[in-house]
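Q: Below you'll find start_21.tsv; it's TSV, C-alpha atoms and all ligand atoms.
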chain	number	residue	atom	x	y	z
W	596	MET	CA	32.40	8.35	22.17
W	597	GLU	CA	32.20	7.51	18.50
W	598	GLN	CA	28.97	8.62	16.81
W	599	LYS	CA	26.87	5.61	15.86
W	600	PRO	CA	25.93	5.37	12.17
W	601	PHE	CA	22.42	6.58	11.36
W	602	ILE	CA	19.93	3.80	10.61
W	603	PRO	CA	17.10	5.25	8.51
W	604	PHE	CA	13.55	3.97	8.87
W	605	SER	CA	13.08	3.56	5.11
W	606	ARG	CA	15.04	4.14	1.92
W	607	PRO	CA	14.21	3.35	-1.71
W	608	TRP	CA	16.33	0.50	-3.11
W	609	ILE	CA	17.78	2.15	-6.20
W	610	ASP	CA	20.94	1.28	-8.10
W	611	GLU	CA	22.53	1.79	-11.53
W	612	THR	CA	19.78	-0.21	-13.30
W	613	GLU	CA	17.08	2.35	-12.49
W	614	ILE	CA	19.40	5.28	-13.25
W	615	GLU	CA	20.31	3.74	-16.62
W	616	ALA	CA	16.68	2.93	-17.49
W	617	VAL	CA	15.44	6.42	-16.60
W	618	SER	CA	18.31	8.00	-18.57
W	619	GLN	CA	17.33	5.99	-21.64
W	620	VAL	CA	13.78	7.31	-21.42
W	621	LEU	CA	15.04	10.88	-21.11
W	622	GLU	CA	17.34	10.40	-24.12
W	623	SER	CA	14.50	8.91	-26.17
W	624	LYS	CA	12.54	12.17	-25.71
W	625	TRP	CA	9.30	10.18	-25.20
W	626	ILE	CA	8.87	10.97	-21.55
W	627	SER	CA	5.14	10.77	-20.80
W	628	THR	CA	2.85	7.73	-21.20
W	629	GLY	CA	4.15	5.32	-23.83
W	630	GLY	CA	5.84	2.01	-24.44
W	631	ARG	CA	7.48	1.73	-21.05
W	632	VAL	CA	4.12	2.09	-19.30
W	633	ARG	CA	2.68	-0.70	-21.48
W	634	GLU	CA	5.67	-2.89	-20.69
W	635	PHE	CA	5.43	-2.22	-16.96
W	636	GLU	CA	1.71	-3.02	-16.96
W	637	ARG	CA	2.25	-6.31	-18.78
W	638	ALA	CA	5.10	-7.38	-16.48
W	639	PHE	CA	3.14	-6.37	-13.37
W	640	ALA	CA	0.04	-8.34	-14.44
W	641	GLU	CA	2.19	-11.33	-15.30
W	642	TYR	CA	3.95	-11.24	-11.94
W	643	LEU	CA	0.68	-11.15	-9.98
W	644	ARG	CA	-1.02	-13.66	-12.32
W	645	VAL	CA	-3.89	-11.22	-12.89
W	646	LYS	CA	-5.49	-10.35	-16.24
W	647	HIS	CA	-5.20	-6.56	-16.26
W	648	ALA	CA	-2.87	-3.97	-14.74
W	649	ILE	CA	-3.62	-0.29	-15.36
W	650	ALA	CA	-0.85	2.13	-14.39
W	651	VAL	CA	-1.84	5.40	-12.75
W	652	SER	CA	-0.21	8.33	-10.99
W	653	SER	CA	-0.76	7.11	-7.39
W	654	CYS	CA	-2.56	4.58	-5.23
W	655	THR	CA	-4.95	7.35	-4.21
W	656	ALA	CA	-5.82	7.76	-7.91
W	657	ALA	CA	-6.14	3.97	-8.24
W	658	LEU	CA	-8.63	3.86	-5.36
W	659	HIS	CA	-10.55	6.84	-6.72
W	660	LEU	CA	-10.86	5.41	-10.24
W	661	SER	CA	-11.88	2.02	-8.82
W	662	LEU	CA	-14.79	3.69	-7.04
W	663	VAL	CA	-15.74	5.74	-10.13
W	664	VAL	CA	-15.70	2.76	-12.50
W	665	THR	CA	-17.91	0.70	-10.19
W	666	GLY	CA	-20.45	3.51	-10.02
W	667	ILE	CA	-20.03	4.46	-6.36
W	668	SER	CA	-21.15	8.03	-5.82
W	669	VAL	CA	-22.84	10.65	-3.66
W	670	GLY	CA	-24.71	9.27	-0.67
W	671	ASP	CA	-23.21	5.77	-0.89
W	672	GLU	CA	-21.28	4.13	1.94
W	673	VAL	CA	-17.99	2.25	1.72
W	674	ILE	CA	-16.82	0.05	4.57
W	675	THR	CA	-13.14	0.34	5.46
W	676	THR	CA	-10.75	0.43	8.40
W	677	PRO	CA	-9.82	3.44	10.52
W	678	TYR	CA	-6.34	1.91	10.87
W	679	THR	CA	-4.86	3.13	7.59
W	680	PHE	CA	-3.36	6.09	5.83
W	681	THR	CA	-5.80	8.89	5.11
W	682	ALA	CA	-5.64	8.22	1.34
W	683	THR	CA	-7.92	5.18	1.72
W	684	ALA	CA	-10.83	7.17	3.13
W	685	GLU	CA	-9.93	10.30	1.17
W	686	ALA	CA	-10.60	8.45	-2.11
W	687	ILE	CA	-14.05	7.50	-0.79
W	688	ARG	CA	-14.76	11.16	-0.16
W	689	TYR	CA	-13.68	12.07	-3.74
W	690	VAL	CA	-16.83	10.37	-5.08
W	691	GLY	CA	-19.05	11.88	-2.38
W	692	ALA	CA	-19.47	8.58	-0.53
W	693	LYS	CA	-19.01	8.09	3.22
W	694	PRO	CA	-16.20	6.02	4.72
W	695	VAL	CA	-17.81	3.72	7.31
W	696	PHE	CA	-15.14	2.44	9.66
W	697	VAL	CA	-15.07	-1.02	11.19
W	698	ASP	CA	-12.59	-1.73	14.00
W	699	ILE	CA	-9.52	-3.93	13.49
W	700	CYS	CA	-8.39	-7.25	14.96
W	701	ALA	CA	-5.88	-6.50	17.70
W	702	ASP	CA	-3.47	-9.15	16.37
W	703	THR	CA	-3.45	-8.79	12.56
W	704	LEU	CA	-4.30	-5.05	12.62
W	705	ASN	CA	-6.57	-5.72	9.62
W	706	ILE	CA	-10.32	-5.09	9.47
W	707	ASP	CA	-12.24	-7.42	11.82
W	708	VAL	CA	-14.36	-9.45	9.40
W	709	THR	CA	-16.74	-10.52	12.19
W	710	LYS	CA	-17.79	-6.87	12.59
W	711	ILE	CA	-18.36	-6.04	8.94
W	712	GLU	CA	-21.92	-7.32	8.54
W	713	GLN	CA	-23.33	-5.17	11.34
W	714	ALA	CA	-21.97	-2.07	9.53
W	715	ILE	CA	-23.80	-2.84	6.29
W	716	THR	CA	-26.79	-0.60	5.48
W	717	PRO	CA	-28.91	-0.22	2.31
W	718	LYS	CA	-26.44	2.51	1.29
W	719	THR	CA	-23.37	0.26	1.47
W	720	LYS	CA	-21.84	-0.31	-1.97
W	721	ALA	CA	-18.31	-1.58	-1.36
W	722	ILE	CA	-15.80	-2.96	1.12
W	723	MET	CA	-12.30	-1.56	1.04
W	724	PRO	CA	-9.95	-3.67	3.19
W	725	VAL	CA	-6.29	-2.72	3.72
W	726	HIS	CA	-3.56	-5.36	4.08
W	727	ILE	CA	-1.72	-3.59	6.87
W	728	ALA	CA	2.08	-3.93	6.84
W	729	GLY	CA	1.59	-6.63	4.17
W	730	PHE	CA	-0.43	-9.11	6.26
W	731	PRO	CA	-3.20	-10.48	3.99
W	732	CYS	CA	-6.80	-9.71	4.98
W	733	GLU	CA	-9.26	-12.61	5.24
W	734	MET	CA	-10.20	-12.37	1.58
W	735	ASP	CA	-12.40	-15.49	1.47
W	736	THR	CA	-14.70	-14.18	4.20
W	737	ILE	CA	-14.74	-10.66	2.76
W	738	ARG	CA	-15.59	-12.10	-0.66
W	739	GLU	CA	-18.48	-14.10	0.83
W	740	ILE	CA	-19.85	-10.99	2.55
W	741	CYS	CA	-19.52	-9.00	-0.70
W	742	ASP	CA	-21.30	-11.67	-2.74
W	743	ALA	CA	-24.10	-12.10	-0.20
W	744	ASN	CA	-24.74	-8.34	-0.07
W	745	LYS	CA	-23.90	-7.43	-3.71
W	746	LEU	CA	-20.95	-5.26	-2.70
W	747	VAL	CA	-17.84	-4.42	-4.67
W	748	LEU	CA	-14.51	-5.58	-3.21
W	749	ILE	CA	-11.77	-2.98	-3.71
W	750	ASP	CA	-8.63	-3.74	-1.71
W	751	ASP	CA	-6.03	-1.15	-0.81
W	752	ALA	CA	-2.90	-3.15	-1.59
W	753	ALA	CA	-0.46	-0.29	-0.98
W	754	HIS	CA	1.55	-2.46	1.44
W	755	ALA	CA	0.84	-5.78	-0.17
W	756	ILE	CA	3.49	-6.49	-2.76
W	757	PRO	CA	4.25	-9.31	-2.77
W	758	THR	CA	1.59	-10.59	-0.37
W	759	GLU	CA	0.00	-13.99	-0.89
W	760	TYR	CA	-3.29	-15.43	0.27
W	761	LYS	CA	-4.05	-19.13	-0.17
W	762	GLY	CA	-1.81	-19.54	-3.20
W	763	HIS	CA	-2.81	-16.30	-4.96
W	764	TYR	CA	-1.14	-12.94	-4.92
W	765	ILE	CA	-3.01	-9.99	-3.47
W	766	GLY	CA	-3.99	-8.06	-6.57
W	767	ALA	CA	-5.79	-11.03	-8.12
W	768	LEU	CA	-8.51	-11.44	-5.47
W	769	GLY	CA	-10.44	-8.18	-5.27
W	770	ASP	CA	-12.79	-6.94	-7.96
W	771	LEU	CA	-10.18	-4.21	-8.14
W	772	SER	CA	-6.90	-3.81	-6.22
W	773	ALA	CA	-4.91	-0.61	-5.77
W	774	PHE	CA	-1.12	-0.53	-5.41
W	775	SER	CA	1.18	2.34	-4.43
W	776	PHE	CA	4.66	3.06	-5.79
W	777	TYR	CA	5.29	5.98	-3.44
W	778	ALA	CA	8.92	6.53	-2.39
W	779	ASN	CA	8.80	4.34	0.75
W	780	LYS	CA	6.79	1.44	-0.69
W	781	ASN	CA	8.21	-2.02	-1.48
W	782	LEU	CA	8.23	-1.20	-5.19
W	783	THR	CA	8.71	2.48	-5.97
W	784	THR	CA	8.56	4.77	-8.99
W	785	GLY	CA	8.88	7.94	-6.85
W	786	GLU	CA	5.14	8.48	-7.19
W	787	GLY	CA	2.85	6.05	-8.95
W	788	GLY	CA	0.18	3.41	-8.64
W	789	MET	CA	-1.50	0.46	-10.33
W	790	ILE	CA	-5.01	-0.93	-10.53
W	791	THR	CA	-5.29	-4.68	-11.09
W	792	THR	CA	-8.41	-6.63	-12.04
W	793	ASN	CA	-9.52	-9.82	-13.75
W	794	ASP	CA	-12.65	-8.07	-15.05
W	795	ASP	CA	-12.48	-7.01	-18.73
W	796	THR	CA	-15.53	-4.78	-18.39
W	797	LEU	CA	-13.79	-2.73	-15.68
W	798	ALA	CA	-10.32	-2.68	-17.26
W	799	LYS	CA	-11.43	-1.12	-20.53
W	800	PRO	CA	-13.06	2.06	-19.16
W	801	LEU	CA	-10.25	2.40	-16.58
W	802	ARG	CA	-7.64	2.66	-19.37
W	803	THR	CA	-9.66	5.52	-20.86
W	804	MET	CA	-10.62	7.29	-17.64
W	805	ARG	CA	-7.06	7.55	-16.38
W	806	LEU	CA	-6.19	9.85	-19.29
W	807	HIS	CA	-8.99	12.40	-19.71
W	808	GLY	CA	-11.47	9.86	-21.08
W	809	ILE	CA	-9.60	9.90	-24.40
W	810	ASP	CA	-10.25	6.74	-26.39
W	811	LYS	CA	-6.64	6.28	-27.56
W	812	ASP	CA	-3.55	7.55	-25.85
W	813	ALA	CA	-1.01	9.63	-27.70
W	814	TRP	CA	1.29	6.66	-28.21
W	815	SER	CA	-1.13	4.68	-30.34
W	816	ARG	CA	-2.24	7.79	-32.20
W	817	GLN	CA	1.25	8.76	-33.31
W	818	SER	CA	1.42	5.93	-35.85
W	819	LYS	CA	-1.87	6.91	-37.49
W	820	ARG	CA	-2.24	9.45	-40.30
W	821	THR	CA	-4.75	11.64	-38.49
W	822	MET	CA	-2.86	11.49	-35.24
W	823	TRP	CA	-4.60	14.56	-33.86
W	824	ARG	CA	-8.07	12.93	-33.91
W	825	TYR	CA	-9.56	11.43	-30.79
W	826	ASP	CA	-12.88	11.02	-29.04
W	827	ILE	CA	-13.83	11.47	-25.37
W	828	THR	CA	-15.81	8.35	-24.54
W	829	THR	CA	-16.05	8.46	-20.73
W	830	GLU	CA	-15.55	10.89	-17.88
W	831	GLY	CA	-11.86	11.56	-17.58
W	832	TYR	CA	-9.13	12.23	-15.04
W	833	LYS	CA	-5.48	13.23	-15.28
W	834	TYR	CA	-4.13	10.10	-13.63
W	835	ASN	CA	-1.71	8.65	-16.20
W	836	MET	CA	1.78	7.33	-15.36
W	837	THR	CA	4.87	8.54	-17.24
W	838	ASP	CA	7.46	6.41	-19.05
W	839	ILE	CA	10.06	7.85	-16.67
W	840	GLN	CA	8.20	6.29	-13.74
W	841	ALA	CA	7.46	3.06	-15.62
W	842	ALA	CA	11.12	2.57	-16.59
W	843	MET	CA	11.95	2.67	-12.91
W	844	GLY	CA	9.04	0.38	-12.09
W	845	ILE	CA	10.21	-2.30	-14.53
W	846	CYS	CA	13.62	-2.41	-12.82
W	847	GLN	CA	11.99	-2.45	-9.38
W	848	LEU	CA	9.73	-5.32	-10.39
W	849	MET	CA	12.74	-7.34	-11.49
W	850	LYS	CA	14.25	-6.84	-8.03
W	851	LEU	CA	11.00	-7.46	-6.18
W	852	ASN	CA	11.70	-11.03	-5.09
W	853	LYS	CA	15.21	-10.13	-4.01
W	854	GLN	CA	14.01	-7.21	-1.88
W	855	HIS	CA	11.29	-9.44	-0.44
W	856	GLU	CA	13.87	-12.04	0.63
W	857	ARG	CA	15.86	-9.35	2.39
W	858	ARG	CA	12.80	-7.97	4.17
W	859	GLN	CA	11.73	-11.49	5.19
W	860	ASN	CA	15.16	-12.27	6.55
W	861	PHE	CA	15.29	-9.03	8.58
W	862	ALA	CA	11.76	-9.55	9.89
W	863	HIS	CA	12.71	-13.08	10.92
W	864	ILE	CA	15.74	-11.81	12.86
W	865	TYR	CA	13.64	-9.12	14.56
W	866	GLN	CA	10.98	-11.68	15.42
W	867	THR	CA	13.38	-14.27	16.85
W	868	GLU	CA	15.29	-11.78	18.99
W	869	LEU	CA	12.47	-9.47	20.09
W	870	GLU	CA	10.25	-12.33	21.21
W	871	LYS	CA	12.72	-12.70	24.10
W	872	PHE	CA	11.60	-9.36	25.56
W	873	SER	CA	8.44	-9.60	27.65
W	874	GLN	CA	7.91	-5.83	27.27
W	875	ILE	CA	7.43	-6.19	23.50
W	876	LYS	CA	4.56	-7.71	21.55
W	877	THR	CA	5.99	-8.82	18.21
W	878	PRO	CA	3.76	-8.76	15.12
W	879	THR	CA	1.44	-11.65	14.33
W	880	ILE	CA	2.72	-13.71	11.41
W	881	PRO	CA	0.52	-15.57	8.91
W	882	GLU	CA	0.40	-19.37	9.27
W	883	ASN	CA	2.49	-19.44	6.13
W	884	PRO	CA	5.07	-16.72	6.87
W	885	ALA	CA	5.97	-16.36	3.17
W	886	GLU	CA	2.56	-14.72	2.58
W	887	HIS	CA	3.65	-11.50	4.33
W	888	SER	CA	5.22	-8.73	2.24
W	889	TRP	CA	6.91	-7.20	5.31
W	890	HIS	CA	6.34	-3.64	4.18
W	891	LEU	CA	6.42	-2.67	7.84
W	892	TYR	CA	7.68	-4.36	10.99
W	893	MET	CA	5.40	-3.09	13.77
W	894	ILE	CA	5.98	-3.92	17.42
W	895	GLN	CA	3.72	-2.96	20.33
W	896	LEU	CA	5.17	-1.80	23.64
W	897	GLN	CA	3.50	-3.56	26.57
W	898	ASN	CA	4.48	-0.78	28.95
W	899	GLY	CA	6.24	2.56	28.92
W	900	ASP	CA	5.57	5.61	26.79
W	901	ARG	CA	5.69	5.03	23.05
W	902	ASP	CA	6.70	8.59	22.19
W	903	ASP	CA	9.55	8.45	24.71
W	904	PHE	CA	10.68	5.16	23.14
W	905	VAL	CA	10.76	6.64	19.62
W	906	ASP	CA	12.67	9.70	20.92
W	907	ALA	CA	15.16	7.52	22.79
W	908	MET	CA	15.80	5.44	19.65
W	909	ARG	CA	16.36	8.67	17.70
W	910	GLU	CA	18.94	9.71	20.30
W	911	GLU	CA	20.74	6.47	19.43
W	912	ASN	CA	20.61	7.41	15.73
W	913	ILE	CA	17.86	4.92	14.90
W	914	GLU	CA	14.84	6.27	13.07
W	915	CYS	CA	11.50	4.66	13.93
W	916	SER	CA	8.01	5.62	12.83
W	917	VAL	CA	4.39	5.16	13.91
W	918	HIS	CA	1.66	3.63	11.72
W	919	TYR	CA	-1.14	4.72	11.97
W	920	ILE	CA	-2.95	7.51	13.74
W	921	PRO	CA	-6.48	6.06	13.42
W	922	LEU	CA	-8.51	8.18	11.01
W	923	HIS	CA	-11.40	8.72	13.43
W	924	LEU	CA	-9.05	10.61	15.77
W	925	PHE	CA	-8.37	13.29	13.16
W	926	ASP	CA	-10.18	16.61	13.37
W	927	PHE	CA	-11.49	16.40	9.78
W	928	TYR	CA	-13.01	12.93	10.13
W	929	GLN	CA	-14.67	13.91	13.42
W	930	LYS	CA	-16.15	17.11	11.99
W	931	GLN	CA	-17.11	15.64	8.61
W	932	TYR	CA	-18.54	12.28	9.68
W	933	GLY	CA	-19.20	12.58	13.41
W	934	TYR	CA	-16.62	10.07	14.57
W	935	SER	CA	-15.13	10.47	18.03
W	936	VAL	CA	-12.56	9.11	20.46
W	937	GLY	CA	-13.62	5.70	21.76
W	938	ASP	CA	-15.38	4.57	18.57
W	939	PHE	CA	-12.79	1.96	17.62
W	940	PRO	CA	-11.05	0.70	20.77
W	941	ASN	CA	-8.72	-1.82	19.11
W	942	ALA	CA	-7.40	0.73	16.63
W	943	GLU	CA	-6.87	3.20	19.48
W	944	SER	CA	-5.11	0.83	21.85
W	945	VAL	CA	-2.77	-0.44	19.11
W	946	PHE	CA	-1.99	3.13	18.09
W	947	GLU	CA	-1.00	4.00	21.69
W	948	ARG	CA	1.67	1.26	21.75
W	949	VAL	CA	2.79	0.73	18.18
W	950	VAL	CA	6.26	1.43	16.77
W	951	SER	CA	7.48	0.66	13.25
W	952	LEU	CA	11.16	-0.38	13.27
W	953	PRO	CA	13.59	0.30	10.40
W	954	LEU	CA	12.93	-2.20	7.62
W	955	HIS	CA	14.10	-1.88	4.03
W	956	PRO	CA	16.31	-3.92	1.70
W	957	GLY	CA	19.21	-1.47	1.94
W	958	LEU	CA	19.85	-2.44	5.57
W	959	THR	CA	22.28	-5.17	6.67
W	960	GLU	CA	21.86	-7.92	9.25
W	961	ASN	CA	24.32	-5.92	11.30
W	962	ASP	CA	21.96	-2.91	11.26
W	963	ILE	CA	19.08	-5.13	12.42
W	964	HIS	CA	21.18	-6.43	15.32
W	965	THR	CA	22.15	-2.85	16.22
W	966	VAL	CA	18.44	-1.96	16.41
W	967	ILE	CA	17.74	-5.04	18.57
W	968	ASP	CA	20.68	-4.36	20.90
W	969	THR	CA	19.63	-0.73	21.28
W	970	ILE	CA	16.09	-1.79	22.17
W	971	GLY	CA	17.53	-4.25	24.70
W	972	ASN	CA	19.60	-1.52	26.33
W	973	LEU	CA	16.66	0.89	26.43
W	974	LEU	CA	14.34	-1.67	28.01
W	975	SER	CA	16.84	-2.62	30.70
W	976	SER	CA	17.65	0.98	31.64
X	1	LIG	C1	0.89	4.88	0.78
X	1	LIG	C2	-0.50	4.48	0.99
X	1	LIG	C3	-1.54	4.96	0.19
X	1	LIG	C4	-1.38	6.06	-0.79
X	1	LIG	O1	-0.51	5.80	-1.82
X	1	LIG	P1	-0.13	6.95	-2.85
X	1	LIG	O2	0.53	6.19	-3.96
X	1	LIG	O3	0.80	7.89	-2.16
X	1	LIG	O4	-1.38	7.60	-3.30
X	1	LIG	C5	-2.80	4.43	0.36
X	1	LIG	N1	-3.05	3.52	1.32
X	1	LIG	C6	-2.09	3.06	2.13
X	1	LIG	C7	-2.42	2.03	3.16
X	1	LIG	C8	-0.78	3.55	2.01
X	1	LIG	O5	0.17	3.13	2.85
Can you present the structure in this file as structure tokens?
A:
Amino acid sequence: MEQKPFIPFSRPWIDETEIEAVSQVLESKWISTGGRVREFERAFAEYLRVKHAIAVSSCTAALHLSLVVTGISVGDEVITTPYTFTATAEAIRYVGAKPVFVDICADTLNIDVTKIEQAITPKTKAIMPVHIAGFPCEMDTIREICDANKLVLIDDAAHAIPTEYKGHYIGALGDLSAFSFYANKNLTTGEGGMITTNDDTLAKPLRTMRLHGIDKDAWSRQSKRTMWRYDITTEGYKYNMTDIQAAMGICQLMKLNKQHERRQNFAHIYQTELEKFSQIKTPTIPENPAEHSWHLYMIQLQNGDRDDFVDAMREENIECSVHYIPLHLFDFYQKQYGYSVGDFPNAESVFERVVSLPLHPGLTENDIHTVIDTIGNLLSS
């Protein structure tokens, strides 16, 4: 029998524009933080209709700096979800604070806002929601809880570009929002991240902190006579983005709506066809479907073994993935914070059944139908 073509789970959407833009940066010989980073930040802020965008080296760095700049430190608690990538809680640990997990809603897979208040203690300083797969969290309710309890709202928006919530983009609703441009994200620079905020008093120190606490970056110094002179005005970190990454980011941002249309279309096809299978729970969709970024398309198997399913798909040359192993099931989180199996039943039961299907703009409708047909054959055999 003819070998079926391989359908990868995820691939960056790169073409000649990125290659050309990166080559220009290399030829210019200004390869670290400079004009391209400024340009990317301006375009990113404009796209999200938010006042400030501060480019950094990763989303993990963006989350870390957001906690530093809002004064969260040793002994504090930050409320977040166990149903996320480890980076979310890892950043909380960087400042010596404790990640306090709150279980998720079984349908949206986002933090259950009705359970947040009971997790608040005098040590709680911030809430860090994650828009899983690109489904917007209930930002109005989270904002109310933050205001009532004087908490900072830092959202992990790694999946949420472009995600909308009641007419605003995610990135304009938190006190600070953190984006990821890792290789598999909707907008990629290989590695990279962005902090967005409408707060001038947070944006200014963030621009300094991301590059060693130096008051002016090398780019603005080079035009001055005493270009070697600088001051260290805040605590600093080595979290700056390079012009090589930013050049790629600018191209990716220009293609963002186009890639979103493709993801939406594929998700719609998956949804329409997979709803016909009683053995599959398709993902919950926002009331306004356009709000979803469709970073991931996550189904839940109603019966049968999830690992067997993923293996069987792989046999058919279709690569699936699983998001996420809940953080409280990991050895480190159990040892460090005393979490254990059974603590967050919704997160655990979703994890047992969940499968992420291939979804990226480089696929074709044909590929999506191949995935659907293969699932159909597997379920009937
Ligand atoms: C990818 C991801 C991160 C980390 O992003 P980096 O840019 O690799 O640091 C954080 N949170 C979530 C939910 C992610 O998916």
Q: I need the residue nearest ligand LIG 1 (chain X) from this list: W:Phe872, W:Phe635, W:Phe861, W:Tyr919. Use only C-alpha atoms and all ligand atoms for the distance.
A: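 Residue with the minimum atom-to-atom distance to ligand LIG 1 (chain X): W:Tyr919.
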Q: Just checking: using all atoms listed in the file, which residue out of W:Asn744, W:Thr821, W:Ser652, W:Ser975 ends up closest to ligand LIG 1 (chain X)?
A: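 Counting all atoms listed in the file, the residue closest to ligand LIG 1 (chain X) is W:Ser652.
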Q: How would you report the residues lying within 8 Å of ligand LIG 1 (chain X), as a list in words, if you count all atoms listed in the file?
A: Ser652, Ser653, Cys654, Thr655, Ala656, Ala657, Thr679, Phe680, Thr681, Ala682, Thr683, Val725, His726, Ile727, Asp751, Ala752, Ala753, His754, Phe774, Ser775, Phe776, Tyr777, Asn779, Lys780, Glu786, Gly787 and Gly788 of chain W
Q: Considering only C-alpha atoms, return as a list of chain:residue names whatever protein or nucleic-acid residues lie within 10 Å of His763 (chain W), sequence-local ones (same chain, fewer than 3 positions apart) excluded.
A: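 Neighbouring residues, sequence-local ones excluded: W:Leu643, W:Arg644, W:Val645, W:Thr758, W:Glu759, W:Tyr760, W:Gly766, W:Ala767, W:Leu768, W:Glu886.
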Q: Could you check which of W:Met843, W:Leu704, W:Ile963, W:Leu896 is closest to Ile864 (chain W), using only C-alpha atoms?
A: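 That would be W:Ile963, the residue with the smallest distance to Ile864 (chain W).
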Q: List the spatial neighbours of Asp902 (chain W) as JSON, numbers by chain - criterion: any atom at most 10 Å away, all atoms listed in the file, same-chain residues fewer than 4 positions off excluded.
A: {"W": [906, 907, 908, 916, 917, 947, 948, 949, 950]}
Q: Take the residues from that selection and put them in a file with C-alpha atoms, as a PDB file, keeping the file's coordinate frame.
A:
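The file below, result26.pdb, is the result:
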ATOM      1  CA  ASP W 906      12.670   9.700  20.920  1.00  0.00           C
ATOM      2  CA  ALA W 907      15.160   7.520  22.790  1.00  0.00           C
ATOM      3  CA  MET W 908      15.800   5.440  19.650  1.00  0.00           C
ATOM      4  CA  SER W 916       8.010   5.620  12.830  1.00  0.00           C
ATOM      5  CA  VAL W 917       4.390   5.160  13.910  1.00  0.00           C
ATOM      6  CA  GLU W 947      -1.000   4.000  21.690  1.00  0.00           C
ATOM      7  CA  ARG W 948       1.670   1.260  21.750  1.00  0.00           C
ATOM      8  CA  VAL W 949       2.790   0.730  18.180  1.00  0.00           C
ATOM      9  CA  VAL W 950       6.260   1.430  16.770  1.00  0.00           C
TER      10      VAL W 950
END
Q: What is the CA of Lys761 (chain W) to CA of Asn781 (chain W) distance in Å?
A: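 A separation of 21.1 Å between them.
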Q: Smallest atom-to-atom distance to Ala755 (chain W): which of W:Gly630, W:Gly831, W:Pro677, W:Gly729, using only C-alpha atoms?
A: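 For Ala755 (chain W), the nearest of the given residues is W:Gly729.
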Q: Hey, which of W:Glu856, W:Asp838, W:Glu830, W:Glu943 ends up closest to Asp698 (chain W)? Count all atoms listed in the file.
A: W:Glu943
Q: What does the structure give for the distance between CA of Thr783 (chain W) and CA of Gln847 (chain W), in Å to one decimal?
A: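 Between CA of Thr783 (chain W) and CA of Gln847 (chain W) the gap works out to 6.8 Å.
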Q: Which is closer to Arg857 (chain W) than all the others in W:Asp826, W:Glu960, W:Asp810, W:Asp926, using all atoms listed in the file?
A: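 Residue with the minimum atom-to-atom distance to Arg857 (chain W): W:Glu960.
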Q: Quick one: everything within 6 Å of Ala648 (chain W), counting only C-alpha atoms, minus sequence neighbours fewer than 5 positions away in the same chain. Send it as a PyMOL selection string.
A: chain W and resi 636+640+790-791
Q: Using only C-alpha atoms, what table do you get, as CSV, when you list each residue of region 874-941 of chain W with an atom no more than 10 Å from region 599-620 of chain W, its nearest pair of atoms, and their distance in Å rounded to one decimal, rows by chain then rising number?
A:
residue,atom,partner,partner_atom,distance
W:His890,CA,W:Ser605,CA,9.9
W:Leu891,CA,W:Ser605,CA,9.5
W:Arg909,CA,W:Phe601,CA,9.0
W:Glu910,CA,W:Lys599,CA,10.0
W:Glu911,CA,W:Lys599,CA,7.1
W:Asn912,CA,W:Phe601,CA,4.8
W:Ile913,CA,W:Ile602,CA,4.9
W:Glu914,CA,W:Phe604,CA,5.0
W:Cys915,CA,W:Phe604,CA,5.5
W:Ser916,CA,W:Phe604,CA,7.0
Q: Go ahead and save the picked residues with C-alpha atoms, as a PDB file, keeping the file's coordinate frame.
A:
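File selection-v4.pdb, as written:
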ATOM      1  CA  HIS W 890       6.340  -3.640   4.180  1.00  0.00           C
ATOM      2  CA  LEU W 891       6.420  -2.670   7.840  1.00  0.00           C
ATOM      3  CA  ARG W 909      16.360   8.670  17.700  1.00  0.00           C
ATOM      4  CA  GLU W 910      18.940   9.710  20.300  1.00  0.00           C
ATOM      5  CA  GLU W 911      20.740   6.470  19.430  1.00  0.00           C
ATOM      6  CA  ASN W 912      20.610   7.410  15.730  1.00  0.00           C
ATOM      7  CA  ILE W 913      17.860   4.920  14.900  1.00  0.00           C
ATOM      8  CA  GLU W 914      14.840   6.270  13.070  1.00  0.00           C
ATOM      9  CA  CYS W 915      11.500   4.660  13.930  1.00  0.00           C
ATOM     10  CA  SER W 916       8.010   5.620  12.830  1.00  0.00           C
TER      11      SER W 916
END
Q: Is there a way to get, as an mmCIF file with C-alpha atoms, keeping the file's coordinate frame, all residues within 6 Å of the point (-16.5, -3.0, -3.4) in file coordinates, counting all atoms listed in the file?
A:
data_model
loop_
_atom_site.group_PDB
_atom_site.id
_atom_site.type_symbol
_atom_site.label_atom_id
_atom_site.label_comp_id
_atom_site.auth_asym_id
_atom_site.auth_seq_id
_atom_site.Cartn_x
_atom_site.Cartn_y
_atom_site.Cartn_z
ATOM 1 C CA ALA W 721 -18.310 -1.580 -1.360
ATOM 2 C CA ILE W 722 -15.800 -2.960 1.120
ATOM 3 C CA LEU W 746 -20.950 -5.260 -2.700
ATOM 4 C CA VAL W 747 -17.840 -4.420 -4.670
ATOM 5 C CA LEU W 748 -14.510 -5.580 -3.210
ATOM 6 C CA ILE W 749 -11.770 -2.980 -3.710
#
Q: Separation of CA of Asp671 (chain W) and CA of Cys741 (chain W), in Å?
A: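 If I compute the distance from CA of Asp671 (chain W) to CA of Cys741 (chain W), I get 15.2 Å.
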Q: Residues of region 927-962 of chain W that approach region 689-693 of chain W to 12 Å or less, counting only C-alpha atoms: could you list each one with the shortest pair of atoms and its distance in Å to one decimal, rows by chain and increasing residue number, as JSON lines?
A:
{"residue": "W:Tyr928", "atom": "CA", "partner": "W:Lys693", "partner_atom": "CA", "distance": 10.4}
{"residue": "W:Gln931", "atom": "CA", "partner": "W:Lys693", "partner_atom": "CA", "distance": 9.5}
{"residue": "W:Tyr932", "atom": "CA", "partner": "W:Lys693", "partner_atom": "CA", "distance": 7.7}
{"residue": "W:Gly933", "atom": "CA", "partner": "W:Lys693", "partner_atom": "CA", "distance": 11.1}
{"residue": "W:Tyr934", "atom": "CA", "partner": "W:Lys693", "partner_atom": "CA", "distance": 11.8}
